[in-house]
$ cat my_file-v9.txt   # compact mmCIF, C-alpha atoms
# COMPACT_ATOMS: atom_id res chain seq x y z
CA MET A 1 17.39 34.06 52.51
CA GLY A 2 18.40 32.33 49.29
CA ALA A 3 16.30 29.54 47.92
CA ALA A 4 13.30 29.03 50.15
CA PRO A 5 11.28 25.87 49.63
CA VAL A 6 9.80 26.00 46.16
CA THR A 7 6.02 26.01 46.09
CA ALA A 8 5.64 26.96 42.44
CA GLN A 9 8.19 26.84 39.67
CA ILE A 10 8.88 30.08 37.84
CA ASP A 11 9.16 29.40 34.11
CA VAL A 12 10.33 32.84 33.08
CA VAL A 13 11.97 35.58 35.09
CA PRO A 14 10.27 38.80 33.98
CA ARG A 15 12.45 40.83 31.66
CA LYS A 16 13.11 44.48 31.92
CA ARG A 17 11.28 46.51 29.32
CA GLY A 18 13.24 46.83 26.11
CA SER A 19 16.09 44.53 27.11
CA GLY A 20 15.09 41.49 25.03
CA VAL A 21 16.97 39.24 27.48
CA THR A 22 14.93 36.70 29.42
CA LEU A 23 15.67 33.72 31.60
CA ARG A 24 13.64 30.53 31.55
CA ARG A 25 14.16 27.30 33.44
CA ALA A 26 16.45 24.86 31.66
CA MET A 27 14.75 21.65 30.53
CA LEU A 28 16.11 18.13 30.29
CA GLY A 29 16.03 18.20 26.47
CA GLU A 30 18.57 21.05 26.44
CA CYS A 31 21.50 19.01 27.69
CA GLU A 32 23.46 19.19 24.43
CA ARG A 33 22.83 22.93 24.08
CA VAL A 34 24.25 23.60 27.56
CA TYR A 35 27.10 21.18 26.83
CA ALA A 36 28.05 23.27 23.79
CA TYR A 37 28.15 26.47 25.87
CA ASN A 38 30.27 24.91 28.62
CA ALA A 39 32.53 22.69 26.52
CA ALA A 40 33.84 25.50 24.31
CA ALA A 41 37.64 25.61 24.56
CA ASP A 42 37.75 29.29 25.53
CA VAL A 43 35.17 28.73 28.28
CA ARG A 44 37.05 25.69 29.64
CA ALA A 45 40.34 27.61 29.69
CA LEU A 46 38.95 30.15 32.18
CA SER A 47 36.90 27.76 34.29
CA GLY A 48 37.79 26.03 37.52
CA LYS A 49 38.14 22.77 35.58
CA PRO A 50 39.95 23.51 32.31
CA THR A 51 40.05 19.90 31.11
CA PRO A 52 37.58 18.88 28.38
CA ILE A 53 34.13 17.75 29.52
CA LEU A 54 33.01 14.28 28.44
CA LEU A 55 29.46 14.32 27.09
CA GLY A 56 28.44 11.31 29.21
CA ASP A 57 29.66 13.02 32.39
CA HIS A 58 27.83 16.19 31.37
CA GLU A 59 24.59 14.27 30.77
CA MET A 60 24.67 12.83 34.31
CA TRP A 61 25.55 16.22 35.84
CA PHE A 62 22.83 17.95 33.81
CA ALA A 63 20.11 15.51 34.92
CA ARG A 64 21.08 16.08 38.57
CA ARG A 65 21.10 19.86 38.13
CA ILE A 66 17.70 19.96 36.44
CA ALA A 67 16.25 17.90 39.31
CA ASP A 68 17.72 20.20 41.99
CA VAL A 69 14.91 22.65 42.76
CA SER A 70 16.99 24.47 45.40
CA SER A 71 19.47 25.77 42.81
CA PRO A 72 17.90 27.57 39.83
CA PHE A 73 19.26 26.83 36.36
CA TRP A 74 18.15 29.00 33.47
CA ILE A 75 18.57 29.26 29.73
CA ILE A 76 19.37 32.81 28.65
CA GLU A 77 17.39 33.98 25.65
CA ASP A 78 17.93 37.09 23.58
CA ASP A 79 14.69 37.98 21.80
CA GLY A 80 13.56 34.36 22.16
CA VAL A 81 16.79 32.79 20.88
CA PRO A 82 18.79 30.64 23.35
CA VAL A 83 22.29 32.11 23.75
CA GLY A 84 23.60 30.78 27.06
CA SER A 85 22.92 29.43 30.51
CA VAL A 86 23.18 30.81 34.03
CA ARG A 87 22.73 28.99 37.29
CA ILE A 88 22.92 29.74 40.97
CA ASP A 89 24.16 26.91 43.16
CA ALA A 90 22.82 26.98 46.71
CA ARG A 91 25.44 26.23 49.36
CA ALA A 92 25.30 25.37 53.04
CA ASP A 93 27.29 28.53 53.89
CA MET A 94 24.44 30.66 52.42
CA ASN A 95 26.82 32.17 49.85
CA ALA A 96 25.32 30.84 46.62
CA ARG A 97 27.63 30.57 43.60
CA ILE A 98 26.72 31.90 40.17
CA SER A 99 27.95 30.42 36.92
CA ILE A 100 27.28 31.72 33.42
CA ALA A 101 28.25 30.49 29.96
CA LEU A 102 27.39 32.28 26.74
CA ASP A 103 27.57 31.26 23.12
CA SER A 104 30.42 33.14 21.45
CA SER A 105 27.87 35.05 19.31
CA ALA A 106 26.31 36.54 22.47
CA ARG A 107 29.47 37.80 24.15
CA GLY A 108 30.33 41.48 24.38
CA ARG A 109 26.74 42.59 23.76
CA GLY A 110 25.54 43.14 27.35
CA ILE A 111 23.49 39.94 27.35
CA GLY A 112 25.52 38.34 30.14
CA ARG A 113 25.22 41.45 32.28
CA ARG A 114 21.44 41.53 31.92
CA ALA A 115 21.18 37.79 32.61
CA ILE A 116 23.29 38.09 35.78
CA VAL A 117 21.13 40.96 37.05
CA LEU A 118 17.94 38.97 36.41
CA ALA A 119 19.32 35.83 38.08
CA CYS A 120 20.50 37.70 41.18
CA ALA A 121 17.21 39.59 41.46
CA ASP A 122 15.32 36.30 41.35
CA TRP A 123 17.60 34.71 43.96
CA ARG A 124 17.38 37.62 46.43
CA GLY A 125 20.24 36.38 48.60
CA ILE A 126 24.02 36.73 48.67
CA VAL A 127 25.64 35.52 45.45
CA VAL A 128 29.35 34.83 44.99
CA ALA A 129 31.21 34.71 41.67
CA GLU A 130 34.65 33.16 41.32
CA ILE A 131 36.27 34.64 38.22
CA HIS A 132 39.57 33.53 36.72
CA GLU A 133 42.20 36.25 37.14
CA GLY A 134 42.79 36.19 33.38
CA ASN A 135 39.16 36.89 32.54
CA ALA A 136 39.05 40.70 32.47
CA GLN A 137 35.80 40.76 30.49
CA SER A 138 33.93 38.74 33.15
CA ARG A 139 35.42 40.79 35.98
CA ALA A 140 34.17 43.98 34.30
CA CYS A 141 30.75 42.42 33.66
CA PHE A 142 30.23 41.28 37.26
CA THR A 143 31.46 44.64 38.59
CA ALA A 144 28.92 46.39 36.34
CA CYS A 145 26.23 44.15 37.89
CA GLY A 146 27.08 45.38 41.39
CA PHE A 147 29.42 42.60 42.49
CA VAL A 148 32.27 43.72 44.77
CA GLN A 149 35.65 42.01 44.89
CA MET A 150 36.06 40.35 48.28
CA GLY A 151 39.33 38.51 47.88
CA LYS A 152 41.20 35.87 45.96
CA HIS A 153 41.25 32.06 45.96
CA ASP A 154 44.05 30.43 43.96
CA ALA A 155 43.80 31.81 40.39
CA PHE A 156 40.32 33.21 41.00
CA ASP A 157 39.09 36.61 42.14
CA VAL A 158 36.11 36.27 44.48
CA TYR A 159 33.25 38.74 44.01
CA GLN A 160 30.06 39.11 46.02
CA TRP A 161 26.63 40.56 45.30
CA SER A 162 24.22 41.40 48.10
CA PRO A 163 20.56 42.31 47.64
$ encode --input "my_file-v9.txt" --output "structure tokens"
Amino acid sequence: MGAAPVTAQIDVVPRKRGSGVTLRRAMLGECERVYAYNAAADVRALSGKPTPILLGDHEMWFARRIADVSSPFWIIEDDGVPVGSVRIDARADMNARISIALDSSARGRGIGRRAIVLACADWRGIVVAEIHEGNAQSRACFTACGFVQMGKHDAFDVYQWSP
């Protein structure tokens, strides 16, 4: 269940016909792009760590994440244009955590929903999302993807998706 040992790296998760949304593995040269998605003030405000991200800290984190083959990290593309990132972090408790960040131009268009569905389908194990209680748009998005609210942890609602 979850991320079995990787024998071949998947470059692109197949997209559903007509959706235009694809996922491809993030590459080291995309550090600043992912930084821009995650460092946006509105994204930080609803994250588990609302303080600003220092670029140097992000660069070190990004290099570690790209090297971690047990936890997939994708760039979300809409008709070939990068618009966000989504990752699934493997955990010892087998409840992987999903995290998504979209460029402001991609929000409210169903792109995040399609990216979450593709990421979860590729993972094929239990996925947990921790969503800030003030983020009604994300709660609605994850619910539309089949996530079910399981509880609460501090200021976060905990949702779970099962294959």
$ residues_around --input "my_file-v9.txt" --residues "range 90-92 of chain A" --least-positions-apart "2" --cutoff "12 Å" --atoms "all atoms listed in the file" --output "PyMOL selection string"
chain A and resi 1-5+65+68-73+87-88+94-99+123-128
$ write_last_selection --input "my_file-v9.txt" --atoms "C-alpha atoms" --output "PDB file, keeping the file's coordinate frame"
ATOM      1  CA  MET A   1      17.390  34.060  52.510  1.00  0.00           C
ATOM      2  CA  GLY A   2      18.400  32.330  49.290  1.00  0.00           C
ATOM      3  CA  ALA A   3      16.300  29.540  47.920  1.00  0.00           C
ATOM      4  CA  ALA A   4      13.300  29.030  50.150  1.00  0.00           C
ATOM      5  CA  PRO A   5      11.280  25.870  49.630  1.00  0.00           C
ATOM      6  CA  ARG A  65      21.100  19.860  38.130  1.00  0.00           C
ATOM      7  CA  ASP A  68      17.720  20.200  41.990  1.00  0.00           C
ATOM      8  CA  VAL A  69      14.910  22.650  42.760  1.00  0.00           C
ATOM      9  CA  SER A  70      16.990  24.470  45.400  1.00  0.00           C
ATOM     10  CA  SER A  71      19.470  25.770  42.810  1.00  0.00           C
ATOM     11  CA  PRO A  72      17.900  27.570  39.830  1.00  0.00           C
ATOM     12  CA  PHE A  73      19.260  26.830  36.360  1.00  0.00           C
ATOM     13  CA  ARG A  87      22.730  28.990  37.290  1.00  0.00           C
ATOM     14  CA  ILE A  88      22.920  29.740  40.970  1.00  0.00           C
ATOM     15  CA  MET A  94      24.440  30.660  52.420  1.00  0.00           C
ATOM     16  CA  ASN A  95      26.820  32.170  49.850  1.00  0.00           C
ATOM     17  CA  ALA A  96      25.320  30.840  46.620  1.00  0.00           C
ATOM     18  CA  ARG A  97      27.630  30.570  43.600  1.00  0.00           C
ATOM     19  CA  ILE A  98      26.720  31.900  40.170  1.00  0.00           C
ATOM     20  CA  SER A  99      27.950  30.420  36.920  1.00  0.00           C
ATOM     21  CA  TRP A 123      17.600  34.710  43.960  1.00  0.00           C
ATOM     22  CA  ARG A 124      17.380  37.620  46.430  1.00  0.00           C
ATOM     23  CA  GLY A 125      20.240  36.380  48.600  1.00  0.00           C
ATOM     24  CA  ILE A 126      24.020  36.730  48.670  1.00  0.00           C
ATOM     25  CA  VAL A 127      25.640  35.520  45.450  1.00  0.00           C
ATOM     26  CA  VAL A 128      29.350  34.830  44.990  1.00  0.00           C
TER      27      VAL A 128
END
$ atom_distance --input "my_file-v9.txt" --atom1 "CA of Cys145 in chain A" --atom2 "CA of Lys49 in chain A"
24.6 Å
$ residues_around --input "my_file-v9.txt" --residues "Ala144 in chain A" --least-positions-apart "3" --cutoff "12 Å" --atoms "only C-alpha atoms" --output "PyMOL selection string"
chain A and resi 110+112-114+116-117+137-141+147-149+159+161
$ residues_around --input "my_file-v9.txt" --residues "His58 in chain A" --least-positions-apart "2" --cutoff "12 Å" --atoms "all atoms listed in the file" --output "ChimeraX atom specification"
/A:28,30-39,52-56,60-66
$ residues_around --input "my_file-v9.txt" --residues "Ser105 in chain A" --least-positions-apart "4" --cutoff "12 Å" --atoms "all atoms listed in the file" --output "PyMOL selection string"
chain A and resi 37+78+81-84+101+109-112
$ atom_distance --input "my_file-v9.txt" --atom1 "CA of Arg24 in chain A" --atom2 "CA of Ile76 in chain A"
6.8 Å
$ closest_residue --input "my_file-v9.txt" --among "A:Asp57, A:Ile75, A:Val43, A:Ile131" --to "Arg107 in chain A" --atoms "only C-alpha atoms"
A:Val43
